[in-house]
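What follows is coords05.pdb (PDB, C-alpha atoms and all ligand atoms).
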```pdb
ATOM      1  CA  MET G   1      37.817 -15.152  85.902
ATOM      2  CA  THR G   2      40.052 -17.195  83.611
ATOM      3  CA  ASP G   3      42.178 -17.014  80.509
ATOM      4  CA  ILE G   4      40.757 -19.723  78.257
ATOM      5  CA  SER G   5      43.070 -19.053  75.323
ATOM      6  CA  SER G   6      45.531 -21.732  76.359
ATOM      7  CA  LYS G   7      44.784 -25.460  76.264
ATOM      8  CA  ILE G   8      46.346 -26.288  79.588
ATOM      9  CA  PRO G   9      43.816 -27.305  82.281
ATOM     10  CA  HIS G  10      42.429 -24.470  84.395
ATOM     11  CA  ILE G  11      42.012 -25.558  87.982
ATOM     12  CA  CYS G  12      40.146 -23.608  90.652
ATOM     13  CA  VAL G  13      41.896 -23.981  94.035
ATOM     14  CA  LEU G  14      39.803 -23.287  97.139
ATOM     15  CA  ALA G  15      41.890 -23.067 100.308
ATOM     16  CA  THR G  16      40.463 -23.692 103.780
ATOM     17  CA  GLY G  17      43.624 -24.131 105.892
ATOM     18  CA  GLY G  18      44.730 -27.219 107.821
ATOM     19  CA  THR G  19      48.192 -28.730 108.127
ATOM     20  CA  ILE G  20      48.799 -28.414 104.405
ATOM     21  CA  ALA G  21      48.888 -24.636 105.081
ATOM     22  CA  GLY G  22      50.524 -25.101 108.485
ATOM     23  CA  MET G  23      53.894 -23.973 109.816
ATOM     24  CA  ALA G  24      55.965 -25.255 112.739
ATOM     25  CA  GLY G  25      58.800 -22.718 112.589
ATOM     26  CA  SER G  26      61.277 -25.604 112.682
ATOM     27  CA  ALA G  27      61.789 -28.652 110.471
ATOM     28  CA  THR G  28      61.543 -31.055 113.407
ATOM     29  CA  ARG G  29      59.199 -29.494 115.965
ATOM     30  CA  HIS G  30      56.057 -31.481 116.809
ATOM     31  CA  GLU G  31      53.843 -28.481 117.635
ATOM     32  CA  TYR G  32      52.695 -26.323 114.751
ATOM     33  CA  LEU G  33      49.879 -24.017 113.727
ATOM     34  CA  PRO G  34      47.514 -25.066 110.913
ATOM     35  CA  GLY G  35      46.246 -22.470 108.429
ATOM     36  CA  GLN G  36      49.286 -20.158 108.323
ATOM     37  CA  ILE G  37      50.073 -19.995 104.585
ATOM     38  CA  SER G  38      47.804 -17.937 102.339
ATOM     39  CA  ILE G  39      46.616 -19.269  99.004
ATOM     40  CA  GLU G  40      48.707 -16.609  97.193
ATOM     41  CA  ASP G  41      51.833 -17.750  99.033
ATOM     42  CA  TRP G  42      50.994 -21.406  98.383
ATOM     43  CA  LEU G  43      50.430 -20.909  94.648
ATOM     44  CA  GLY G  44      53.703 -18.961  94.511
ATOM     45  CA  ARG G  45      55.479 -22.024  95.925
ATOM     46  CA  VAL G  46      53.680 -24.310  93.457
ATOM     47  CA  ALA G  47      54.774 -22.076  90.553
ATOM     48  CA  GLU G  48      58.394 -23.173  91.126
ATOM     49  CA  PHE G  49      57.470 -26.600  89.725
ATOM     50  CA  GLY G  50      56.264 -25.242  86.384
ATOM     51  CA  LEU G  51      53.200 -27.494  86.265
ATOM     52  CA  PRO G  52      51.391 -27.481  82.902
ATOM     53  CA  VAL G  53      48.213 -26.044  84.469
ATOM     54  CA  LYS G  54      46.765 -22.656  85.319
ATOM     55  CA  LEU G  55      45.773 -22.448  88.984
ATOM     56  CA  ILE G  56      43.223 -19.866  90.115
ATOM     57  CA  GLY G  57      43.172 -19.575  93.902
ATOM     58  CA  THR G  58      40.537 -18.391  96.401
ATOM     59  CA  GLN G  59      40.937 -18.247 100.165
ATOM     60  CA  ILE G  60      37.706 -19.634 101.641
ATOM     61  CA  ALA G  61      39.082 -19.859 105.193
ATOM     62  CA  ASN G  62      42.441 -20.479 106.865
ATOM     63  CA  ILE G  63      41.563 -22.580 109.893
ATOM     64  CA  GLY G  64      42.098 -25.966 111.479
ATOM     65  CA  SER G  65      39.508 -28.387 110.142
ATOM     66  CA  GLU G  66      38.110 -29.038 113.629
ATOM     67  CA  ASP G  67      36.396 -25.658 113.144
ATOM     68  CA  ILE G  68      34.981 -26.426 109.714
ATOM     69  CA  GLY G  69      31.212 -26.820 109.570
ATOM     70  CA  PRO G  70      28.077 -25.486 107.874
ATOM     71  CA  ASP G  71      29.447 -21.966 107.153
ATOM     72  CA  THR G  72      32.572 -23.204 105.368
ATOM     73  CA  TRP G  73      30.553 -25.893 103.585
ATOM     74  CA  THR G  74      28.176 -23.215 102.306
ATOM     75  CA  ALA G  75      31.093 -21.125 101.008
ATOM     76  CA  LEU G  76      32.636 -24.195  99.358
ATOM     77  CA  GLN G  77      29.373 -25.285  97.771
ATOM     78  CA  THR G  78      28.763 -21.789  96.371
ATOM     79  CA  SER G  79      32.301 -21.468  94.971
ATOM     80  CA  ILE G  80      32.325 -24.974  93.514
ATOM     81  CA  ASN G  81      28.944 -24.509  91.841
ATOM     82  CA  ALA G  82      30.278 -21.268  90.322
ATOM     83  CA  ALA G  83      33.410 -23.071  89.106
ATOM     84  CA  MET G  84      31.293 -25.861  87.637
ATOM     85  CA  ALA G  85      29.226 -23.291  85.737
ATOM     86  CA  ASP G  86      32.374 -21.537  84.437
ATOM     87  CA  GLU G  87      33.283 -23.064  81.078
ATOM     88  CA  GLY G  88      36.860 -21.956  81.571
ATOM     89  CA  ILE G  89      37.373 -24.171  84.617
ATOM     90  CA  ASP G  90      38.235 -27.856  84.176
ATOM     91  CA  GLY G  91      38.443 -29.032  87.761
ATOM     92  CA  ILE G  92      38.393 -27.983  91.406
ATOM     93  CA  VAL G  93      40.869 -28.672  94.223
ATOM     94  CA  VAL G  94      39.993 -27.948  97.871
ATOM     95  CA  THR G  95      42.862 -27.796 100.370
ATOM     96  CA  HIS G  96      41.659 -28.903 103.802
ATOM     97  CA  GLY G  97      42.803 -30.118 107.201
ATOM     98  CA  THR G  98      42.812 -33.892 107.414
ATOM     99  CA  ASP G  99      40.872 -34.179 110.688
ATOM    100  CA  THR G 100      37.459 -33.576 109.133
ATOM    101  CA  ALA G 101      38.357 -33.887 105.433
ATOM    102  CA  GLU G 102      36.268 -37.032 105.131
ATOM    103  CA  GLU G 103      33.170 -35.203 106.379
ATOM    104  CA  THR G 104      33.586 -32.238 104.030
ATOM    105  CA  ALA G 105      34.312 -34.602 101.127
ATOM    106  CA  PHE G 106      31.219 -36.695 101.856
ATOM    107  CA  LEU G 107      28.933 -33.694 102.353
ATOM    108  CA  LEU G 108      30.109 -32.107  99.091
ATOM    109  CA  ASP G 109      29.700 -35.439  97.312
ATOM    110  CA  LEU G 110      26.051 -35.496  98.383
ATOM    111  CA  VAL G 111      25.211 -31.839  97.616
ATOM    112  CA  LEU G 112      27.103 -31.245  94.349
ATOM    113  CA  PRO G 113      26.380 -32.480  90.847
ATOM    114  CA  ALA G 114      28.978 -34.872  89.385
ATOM    115  CA  ARG G 115      29.844 -32.446  86.578
ATOM    116  CA  LYS G 116      33.551 -31.651  87.023
ATOM    117  CA  PRO G 117      36.317 -33.264  89.085
ATOM    118  CA  VAL G 118      36.310 -32.088  92.718
ATOM    119  CA  VAL G 119      39.352 -33.155  94.732
ATOM    120  CA  ILE G 120      39.924 -32.645  98.472
ATOM    121  CA  VAL G 121      43.567 -32.722  99.587
ATOM    122  CA  GLY G 122      45.438 -32.275 102.852
ATOM    123  CA  ALA G 123      48.732 -33.087 104.495
ATOM    124  CA  MET G 124      49.924 -34.818 107.636
ATOM    125  CA  ARG G 125      53.017 -32.633 108.122
ATOM    126  CA  PRO G 126      53.181 -28.831 108.040
ATOM    127  CA  ALA G 127      54.781 -27.106 105.081
ATOM    128  CA  ASP G 128      58.135 -26.426 106.787
ATOM    129  CA  ALA G 129      58.544 -29.890 108.362
ATOM    130  CA  VAL G 130      61.149 -32.331 107.164
ATOM    131  CA  GLY G 131      59.395 -34.815 104.854
ATOM    132  CA  SER G 132      56.384 -32.535 104.478
ATOM    133  CA  ASP G 133      53.775 -34.224 102.290
ATOM    134  CA  GLY G 134      51.695 -31.160 101.388
ATOM    135  CA  MET G 135      53.248 -30.259  98.054
ATOM    136  CA  ARG G 136      53.375 -33.882  96.885
ATOM    137  CA  ASN G 137      49.714 -34.386  97.771
ATOM    138  CA  PHE G 138      48.706 -31.069  96.207
ATOM    139  CA  VAL G 139      50.460 -31.736  92.897
ATOM    140  CA  ASN G 140      48.846 -35.198  92.839
ATOM    141  CA  ALA G 141      45.453 -33.574  93.512
ATOM    142  CA  VAL G 142      45.957 -31.129  90.636
ATOM    143  CA  ARG G 143      46.819 -34.087  88.393
ATOM    144  CA  VAL G 144      43.529 -35.789  89.355
ATOM    145  CA  ALA G 145      41.467 -32.599  88.976
ATOM    146  CA  SER G 146      42.899 -32.150  85.466
ATOM    147  CA  ASP G 147      41.935 -35.649  84.350
ATOM    148  CA  ALA G 148      38.777 -36.394  82.379
ATOM    149  CA  GLY G 149      38.800 -39.871  83.938
ATOM    150  CA  ALA G 150      37.848 -38.280  87.274
ATOM    151  CA  LEU G 151      34.434 -37.369  85.842
ATOM    152  CA  GLY G 152      31.558 -39.359  87.248
ATOM    153  CA  ARG G 153      33.436 -40.471  90.368
ATOM    154  CA  GLY G 154      31.956 -37.754  92.564
ATOM    155  CA  VAL G 155      34.107 -35.887  95.046
ATOM    156  CA  VAL G 156      37.403 -37.662  95.683
ATOM    157  CA  LEU G 157      40.109 -37.293  98.309
ATOM    158  CA  VAL G 158      43.803 -37.489  97.447
ATOM    159  CA  MET G 159      46.324 -38.335 100.162
ATOM    160  CA  GLY G 160      49.761 -39.660  99.322
ATOM    161  CA  ASP G 161      49.498 -41.393  95.966
ATOM    162  CA  ARG G 162      46.001 -42.710  96.603
ATOM    163  CA  VAL G 163      42.683 -41.510  95.257
ATOM    164  CA  LEU G 164      39.725 -42.375  97.498
ATOM    165  CA  ALA G 165      36.017 -41.879  96.847
ATOM    166  CA  ALA G 166      34.411 -39.475  99.328
ATOM    167  CA  ARG G 167      31.933 -42.126 100.489
ATOM    168  CA  ASP G 168      34.830 -44.493 101.373
ATOM    169  CA  ALA G 169      37.632 -42.164 102.586
ATOM    170  CA  ARG G 170      38.412 -42.226 106.297
ATOM    171  CA  LYS G 171      41.281 -41.014 108.421
ATOM    172  CA  VAL G 172      42.725 -44.053 110.167
ATOM    173  CA  ARG G 173      45.997 -42.743 111.646
ATOM    174  CA  THR G 174      47.150 -39.595 113.386
ATOM    175  CA  ARG G 175      50.771 -40.026 112.244
ATOM    176  CA  GLY G 176      52.373 -41.103 109.006
ATOM    177  CA  THR G 177      52.208 -39.536 105.588
ATOM    178  CA  ASP G 178      51.511 -42.570 103.394
ATOM    179  CA  ASP G 179      48.811 -44.521 105.182
ATOM    180  CA  ALA G 180      46.872 -41.972 107.217
ATOM    181  CA  PHE G 181      43.765 -42.487 105.065
ATOM    182  CA  ARG G 182      42.108 -45.624 103.805
ATOM    183  CA  GLY G 183      39.138 -46.356 101.610
ATOM    184  CA  PHE G 184      36.535 -48.605 103.208
ATOM    185  CA  PRO G 185      34.866 -50.756 102.046
ATOM    186  CA  ARG G 186      36.109 -50.156  98.509
ATOM    187  CA  GLY G 187      39.822 -49.268  98.868
ATOM    188  CA  SER G 188      41.586 -46.852  96.507
ATOM    189  CA  ILE G 189      39.821 -45.987  93.262
ATOM    190  CA  GLY G 190      43.042 -44.700  91.690
ATOM    191  CA  LEU G 191      46.784 -44.293  92.063
ATOM    192  CA  VAL G 192      48.384 -40.973  91.179
ATOM    193  CA  THR G 193      51.789 -39.360  90.895
ATOM    194  CA  PRO G 194      52.499 -35.962  89.306
ATOM    195  CA  SER G 195      53.194 -37.751  86.017
ATOM    196  CA  ALA G 196      50.867 -40.782  86.046
ATOM    197  CA  LEU G 197      47.302 -41.588  86.976
ATOM    198  CA  GLU G 198      45.632 -44.973  86.916
ATOM    199  CA  TRP G 199      41.927 -45.458  87.662
ATOM    200  CA  PHE G 200      40.487 -48.692  89.027
ATOM    201  CA  GLY G 201      36.924 -49.491  87.961
ATOM    202  CA  ASN G 202      34.423 -47.391  86.050
ATOM    203  CA  PRO G 203      32.816 -44.048  86.979
ATOM    204  CA  TRP G 204      29.432 -44.491  88.652
ATOM    205  CA  ARG G 205      27.948 -40.946  88.738
ATOM    206  CA  GLN G 206      28.215 -39.749  85.141
ATOM    207  CA  ASP G 207      26.527 -36.329  84.840
ATOM    208  CA  GLU G 208      24.435 -36.988  87.940
ATOM    209  CA  PRO G 209      22.675 -33.967  89.505
ATOM    210  CA  ALA G 210      23.136 -33.069  93.184
ATOM    211  CA  ARG G 211      21.482 -35.717  95.332
ATOM    212  CA  TYR G 212      20.607 -33.472  98.286
ATOM    213  CA  ALA G 213      19.706 -29.823  98.695
ATOM    214  CA  TYR G 214      21.939 -27.905 101.092
ATOM    215  CA  SER G 215      21.024 -24.565 102.628
ATOM    216  CA  GLY G 216      23.659 -24.421 105.357
ATOM    217  CA  ASP G 217      20.947 -25.128 107.910
ATOM    218  CA  LEU G 218      21.525 -28.604 109.344
ATOM    219  CA  PRO G 219      19.722 -30.003 112.397
ATOM    220  CA  GLU G 220      21.964 -31.017 115.292
ATOM    221  CA  VAL G 221      22.491 -34.784 115.395
ATOM    222  CA  PRO G 222      24.575 -36.112 118.298
ATOM    223  CA  ILE G 223      26.796 -39.185 118.127
ATOM    224  CA  LEU G 224      26.524 -41.480 121.155
ATOM    225  CA  TYR G 225      29.838 -43.328 121.433
ATOM    226  CA  ILE G 226      29.160 -46.569 123.309
ATOM    227  CA  GLY G 227      31.526 -47.837 125.999
ATOM    228  CA  ALA G 228      31.150 -51.007 128.028
ATOM    229  CA  GLY G 229      28.855 -50.519 131.023
ATOM    230  CA  MET G 230      27.616 -47.115 129.843
ATOM    231  CA  SER G 231      24.493 -45.790 131.577
ATOM    232  CA  ALA G 232      21.224 -45.204 129.682
ATOM    233  CA  ASP G 233      20.966 -41.752 131.321
ATOM    234  CA  LEU G 234      23.509 -40.507 128.820
ATOM    235  CA  VAL G 235      21.054 -40.905 125.945
ATOM    236  CA  ASP G 236      18.772 -38.142 127.163
ATOM    237  CA  ARG G 237      21.658 -36.011 128.357
ATOM    238  CA  ILE G 238      23.251 -35.692 124.920
ATOM    239  CA  LEU G 239      20.030 -35.059 122.988
ATOM    240  CA  PRO G 240      19.333 -31.409 122.039
ATOM    241  CA  ASN G 241      15.914 -29.814 122.599
ATOM    242  CA  ASP G 242      13.414 -31.149 120.056
ATOM    243  CA  PRO G 243      15.778 -33.896 118.867
ATOM    244  CA  LEU G 244      15.256 -35.329 115.396
ATOM    245  CA  GLY G 245      17.923 -37.994 115.183
ATOM    246  CA  ILE G 246      20.867 -39.689 116.852
ATOM    247  CA  ILE G 247      23.803 -41.772 115.638
ATOM    248  CA  VAL G 248      24.916 -44.623 117.878
ATOM    249  CA  ALA G 249      28.601 -45.484 117.486
ATOM    250  CA  GLY G 250      27.938 -48.962 118.774
ATOM    251  CA  VAL G 251      30.278 -51.757 119.728
ATOM    252  CA  GLY G 252      30.903 -54.429 117.100
ATOM    253  CA  GLU G 253      28.111 -54.465 114.550
ATOM    254  CA  GLY G 254      26.333 -51.478 116.059
ATOM    255  CA  ASN G 255      25.449 -53.140 119.385
ATOM    256  CA  MET G 256      24.715 -51.300 122.639
ATOM    257  CA  PRO G 257      23.887 -52.134 126.274
ATOM    258  CA  LYS G 258      20.305 -53.373 126.799
ATOM    259  CA  ALA G 259      19.205 -50.338 128.851
ATOM    260  CA  ILE G 260      20.441 -47.924 126.158
ATOM    261  CA  ARG G 261      18.731 -49.944 123.451
ATOM    262  CA  GLU G 262      15.458 -49.948 125.381
ATOM    263  CA  ARG G 263      15.562 -46.168 125.861
ATOM    264  CA  LEU G 264      16.333 -45.657 122.188
ATOM    265  CA  VAL G 265      13.444 -47.941 121.178
ATOM    266  CA  GLU G 266      11.118 -45.722 123.246
ATOM    267  CA  LEU G 267      12.494 -42.615 121.570
ATOM    268  CA  ALA G 268      12.305 -44.201 118.097
ATOM    269  CA  LYS G 269       8.641 -45.017 118.697
ATOM    270  CA  ALA G 270       8.143 -41.334 119.557
ATOM    271  CA  GLY G 271       9.703 -40.329 116.202
ATOM    272  CA  LEU G 272      13.457 -40.011 116.862
ATOM    273  CA  ILE G 273      15.531 -41.408 113.973
ATOM    274  CA  VAL G 274      18.056 -43.827 115.488
ATOM    275  CA  VAL G 275      20.967 -44.974 113.310
ATOM    276  CA  ARG G 276      23.119 -47.884 114.451
ATOM    277  CA  ALA G 277      26.720 -47.396 113.258
ATOM    278  CA  SER G 278      29.887 -49.008 114.585
ATOM    279  CA  ARG G 279      32.779 -47.607 116.581
ATOM    280  CA  VAL G 280      34.978 -50.251 114.878
ATOM    281  CA  ASP G 281      37.327 -48.679 112.345
ATOM    282  CA  GLU G 282      36.189 -50.933 109.514
ATOM    283  CA  GLY G 283      32.733 -51.631 110.833
ATOM    284  CA  LEU G 284      29.907 -52.824 108.591
ATOM    285  CA  VAL G 285      26.469 -52.699 110.214
ATOM    286  CA  ASP G 286      23.799 -54.651 108.369
ATOM    287  CA  ARG G 287      20.111 -54.619 109.183
ATOM    288  CA  GLU G 288      18.996 -57.109 111.797
ATOM    289  CA  PRO G 289      15.436 -58.466 112.086
ATOM    290  CA  GLU G 290      15.034 -56.507 115.375
ATOM    291  CA  ASP G 291      15.677 -53.230 113.541
ATOM    292  CA  ASP G 292      12.162 -53.511 112.122
ATOM    293  CA  SER G 293      10.488 -53.863 115.509
ATOM    294  CA  ASN G 294      12.871 -51.374 117.178
ATOM    295  CA  GLY G 295      12.428 -48.795 114.414
ATOM    296  CA  PHE G 296      16.203 -48.476 113.911
ATOM    297  CA  ILE G 297      18.293 -47.722 110.800
ATOM    298  CA  ALA G 298      21.506 -49.658 110.006
ATOM    299  CA  ALA G 299      24.417 -47.433 108.919
ATOM    300  CA  ARG G 300      25.866 -50.160 106.656
ATOM    301  CA  ALA G 301      29.383 -49.069 105.567
ATOM    302  CA  LEU G 302      29.167 -45.465 106.804
ATOM    303  CA  ASN G 303      31.128 -44.675 109.946
ATOM    304  CA  PRO G 304      29.430 -42.598 112.680
ATOM    305  CA  GLN G 305      30.684 -39.213 111.455
ATOM    306  CA  LYS G 306      29.575 -39.836 107.868
ATOM    307  CA  SER G 307      26.278 -41.302 109.098
ATOM    308  CA  ARG G 308      25.733 -38.021 110.931
ATOM    309  CA  ILE G 309      26.237 -35.961 107.756
ATOM    310  CA  LEU G 310      23.824 -38.132 105.766
ATOM    311  CA  LEU G 311      21.181 -38.097 108.503
ATOM    312  CA  GLN G 312      21.487 -34.305 108.862
ATOM    313  CA  LEU G 313      20.826 -33.885 105.125
ATOM    314  CA  LEU G 314      17.881 -36.296 105.256
ATOM    315  CA  LEU G 315      16.393 -34.547 108.283
ATOM    316  CA  ALA G 316      16.947 -31.124 106.692
ATOM    317  CA  LYS G 317      14.644 -32.217 103.877
ATOM    318  CA  LYS G 318      12.190 -33.516 106.475
ATOM    319  CA  GLU G 319      12.569 -37.134 105.423
ATOM    320  CA  GLY G 320      10.823 -39.221 108.055
ATOM    321  CA  ASP G 321      10.128 -42.441 106.181
ATOM    322  CA  LEU G 322      12.292 -45.192 107.685
ATOM    323  CA  ASN G 323      12.421 -47.196 104.437
ATOM    324  CA  ALA G 324      13.589 -44.155 102.481
ATOM    325  CA  ILE G 325      16.209 -43.375 105.137
ATOM    326  CA  GLN G 326      17.473 -46.974 105.110
ATOM    327  CA  THR G 327      17.699 -46.880 101.298
ATOM    328  CA  ALA G 328      19.808 -43.706 101.533
ATOM    329  CA  PHE G 329      22.203 -45.499 103.891
ATOM    330  CA  ASP G 330      22.264 -48.582 101.655
ATOM    331  CA  ASN G 331      23.395 -46.511  98.634
ATOM    332  CA  PRO G 332      25.339 -43.463  99.857
TER     333      PRO G 332
HETATM  334  C1  LIG U 401      43.438 -30.041 110.647
HETATM  335  O1  LIG U 401      42.666 -30.957 110.366
HETATM  336  O2  LIG U 401      43.199 -28.869 110.367
HETATM  337  C2  LIG U 401      44.717 -30.326 111.370
HETATM  338  C3  LIG U 401      45.269 -31.654 111.072
HETATM  339  C4  LIG U 401      45.657 -31.860 109.634
HETATM  340  O3  LIG U 401      45.399 -31.096 108.731
HETATM  341  O4  LIG U 401      46.298 -32.926 109.397
END
```
Go ahead and express the file in the form of structure tokens.
Ligand code: SIN
Amino acid sequence: MTDISSKIPHICVLATGGTIAGMAGSATRHEYLPGQISIEDWLGRVAEFGLPVKLIGTQIANIGSEDIGPDTWTALQTSINAAMADEGIDGIVVTHGTDTAEETAFLLDLVLPARKPVVIVGAMRPADAVGSDGMRNFVNAVRVASDAGALGRGVVLVMGDRVLAARDARKVRTRGTDDAFRGFPRGSIGLVTPSALEWFGNPWRQDEPARYAYSGDLPEVPILYIGAGMSADLVDRILPNDPLGIIVAGVGEGNMPKAIRERLVELAKAGLIVVRASRVDEGLVDREPEDDSNGFIAARALNPQKSRILLQLLLAKKEGDLNAIQTAFDNP
């Protein structure tokens, strides 16, 4: 797979599509198609910069990230595990649409060992747009994936010059190339340019094995987004047959109208796992005394979409113990 005779870092690049591989057909047009540039074409463009790395590309998919889910995650997990086992590979970069990058990053963080750097990268503007950020972000991502200091930090996401831990990264804007993502609650864990990389804090997952098994088979877990005055009928309407769990994107600190809470308490007593998250962008949901009697889980710092990923993995391994589930949310 690789030529290990040279000392330059060998980086495996797994492409999935998104805006970073998107084209608008005009430098200023708003509409564009994600997933238009192949990995061969992309690496050809990167070659113009003469980076001191060897890049080995694989096209996993070429789609908008709204269509990424268990199948693409399975392909990524398989390819990344193979790259981690390949002594000739130093790090892995995954190109990805930004819309669901935080979910893919978090899932991979939970199901991969912390053995080699794994970096997710995207772009806010397509490749032919004026001020396109894709190449800048990609070269920064390659810099991070080549750095031994990335070891033990789990999967990270690079956007602009920031490095964010997968557990913290979240998309907070739909426009803007520099501040579309933020780390919450921990902020950036590093700052990167093509020529410099500074890490903040120490690695926390040195040589850690994968924390969760992943087979590609995840139970469906709906997210109930709470709005003022919402009817309790909606709870049952969004649950699949034989439901195992639900995430509530509650108001404030995971609150919900009384009638919805009462219905969810009934369902929790019947075995449904109910996680209270917050619809607030930087929402922290701590456990309340009533969570014990209600049988609810507090999402803590995980937003609803990341709470869903974690609960799916817990339910896939048939975890039903509320204390164990709460501990998983306390230390994602
Ligand atoms: C996508 O997520 O595939 C489209 C949006 C983006 O990459 O920024």
What are the nearest atom pairs, with distances in Å to one decimal, for all residues of chain G that come at most 12 Å from ligand LIG 401 (chain U), using all atoms listed in the file, set out by chain and rising residue number as CSV?
```
residue,atom,partner,partner_atom,distance
G:Ala15,CA,U:LIG401,O2,11.7
G:Thr16,CA,U:LIG401,O2,8.8
G:Gly17,CA,U:LIG401,O2,6.5
G:Gly18,CA,U:LIG401,O2,3.4
G:Thr19,CA,U:LIG401,O3,3.7
G:Ile20,CA,U:LIG401,O3,6.1
G:Ala21,CA,U:LIG401,O3,8.2
G:Gly22,CA,U:LIG401,O3,7.9
G:Met23,CA,U:LIG401,O3,11.1
G:Glu31,CA,U:LIG401,C2,11.2
G:Tyr32,CA,U:LIG401,C2,9.5
G:Leu33,CA,U:LIG401,C2,8.5
G:Pro34,CA,U:LIG401,O2,5.8
G:Gly35,CA,U:LIG401,O2,7.3
G:Gln36,CA,U:LIG401,O2,10.8
G:Ala61,CA,U:LIG401,O2,11.2
G:Asn62,CA,U:LIG401,O2,9.1
G:Ile63,CA,U:LIG401,O2,6.5
G:Gly64,CA,U:LIG401,O2,3.3
G:Ser65,CA,U:LIG401,O2,3.7
G:Glu66,CA,U:LIG401,O1,5.9
G:Asp67,CA,U:LIG401,O2,8.0
G:Ile68,CA,U:LIG401,O2,8.6
G:Thr95,CA,U:LIG401,O3,9.3
G:His96,CA,U:LIG401,O3,6.6
G:Gly97,CA,U:LIG401,O3,3.2
G:Thr98,CA,U:LIG401,O3,4.0
G:Asp99,CA,U:LIG401,O1,3.7
G:Thr100,CA,U:LIG401,O1,6.0
G:Ala101,CA,U:LIG401,O1,7.2
G:Glu102,CA,U:LIG401,O1,10.3
G:Glu103,CA,U:LIG401,O1,11.1
G:Thr104,CA,U:LIG401,O1,11.1
G:Ile120,CA,U:LIG401,O3,11.7
G:Val121,CA,U:LIG401,O3,9.5
G:Gly122,CA,U:LIG401,O3,6.0
G:Ala123,CA,U:LIG401,O4,5.5
G:Met124,CA,U:LIG401,O4,4.5
G:Arg125,CA,U:LIG401,O4,6.8
G:Pro126,CA,U:LIG401,O4,8.1
G:Ala127,CA,U:LIG401,O3,10.8
G:Ser132,CA,U:LIG401,O4,11.2
G:Asp133,CA,U:LIG401,O4,10.4
G:Gly134,CA,U:LIG401,O3,9.7
G:Met159,CA,U:LIG401,O4,10.7
G:Lys171,CA,U:LIG401,O4,9.6
G:Val172,CA,U:LIG401,O4,11.7
G:Arg173,CA,U:LIG401,O4,10.1
G:Thr174,CA,U:LIG401,O4,7.8
G:Arg175,CA,U:LIG401,O4,8.9
G:Gly176,CA,U:LIG401,O4,10.2
G:Thr177,CA,U:LIG401,O4,9.7
G:Ala180,CA,U:LIG401,O4,9.3
G:Phe181,CA,U:LIG401,O4,10.8
```
Practice prompt. For Asn303 of chain G, please output as JSON, numbers by chain all residues within 9 Å (counting only C-alpha atoms; exclusion window: fewer than 4 positions along the same chain).
Written response: {"G": [170, 249, 277, 278, 279, 280, 281, 282, 283, 284, 299, 307, 308]}
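Atom CA of Val119 of chain G sits 26.7 Å away from atom CA of Leu315 of chain G.
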Worksheet item: Hey, which of G:Leu191, G:Val285, G:Leu107, G:Ala150 ends up closest to Gln305 of chain G? Count all atoms listed in the file.
Response: G:Leu107
Fill in: Of the listed residues G:Ala232, G:Val118, G:Leu311, G:Val275, that which approaches Val156 of chain G most closely, counting all atoms listed in the file
G:Val118
Discussion item. Just want the 9 Å neighbourhood of Gly57 of chain G, counted on all atoms listed in the file, with same-chain residues fewer than 3 positions away dropped. Output as a list in words.
Written reply: Ile11, Cys12, Val13, Leu14, Ala15, Ile39, Glu40 and Leu43 of chain G
Worksheet entry | For atom CA of Tyr225 of chain G and atom CA of Lys306 of chain G, the interatomic separation in Å (one decimal) | 14.0 Å
Item to complete: Work out how far apart atom CA of Pro9 of chain G and atom CA of Val155 of chain G are and give it in Å to one decimal.
Response: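 Taking atom CA of Pro9 of chain G as the start and atom CA of Val155 of chain G as the end point, the length is 18.2 Å.
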Worksheet item: If the PyMOL selection byres (((chain G and resi 166) around 8) and not hetatm) is run on the structure shown, which residues does it catch, given as number ranges by chain?
Response: G: 102, 105-106, 109, 154-157, 164-165, 167-169
Using only C-alpha atoms, please write the residues we just selected to a file, as an mmCIF file, in the frame of the given file.
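Below you can see result09.cif, which holds the result:
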```cif
data_model
loop_
_atom_site.group_PDB
_atom_site.id
_atom_site.type_symbol
_atom_site.label_atom_id
_atom_site.label_comp_id
_atom_site.auth_asym_id
_atom_site.auth_seq_id
_atom_site.Cartn_x
_atom_site.Cartn_y
_atom_site.Cartn_z
ATOM 1 C CA GLU G 102 36.268 -37.032 105.131
ATOM 2 C CA ALA G 105 34.312 -34.602 101.127
ATOM 3 C CA PHE G 106 31.219 -36.695 101.856
ATOM 4 C CA ASP G 109 29.700 -35.439 97.312
ATOM 5 C CA GLY G 154 31.956 -37.754 92.564
ATOM 6 C CA VAL G 155 34.107 -35.887 95.046
ATOM 7 C CA VAL G 156 37.403 -37.662 95.683
ATOM 8 C CA LEU G 157 40.109 -37.293 98.309
ATOM 9 C CA LEU G 164 39.725 -42.375 97.498
ATOM 10 C CA ALA G 165 36.017 -41.879 96.847
ATOM 11 C CA ARG G 167 31.933 -42.126 100.489
ATOM 12 C CA ASP G 168 34.830 -44.493 101.373
ATOM 13 C CA ALA G 169 37.632 -42.164 102.586
#
```
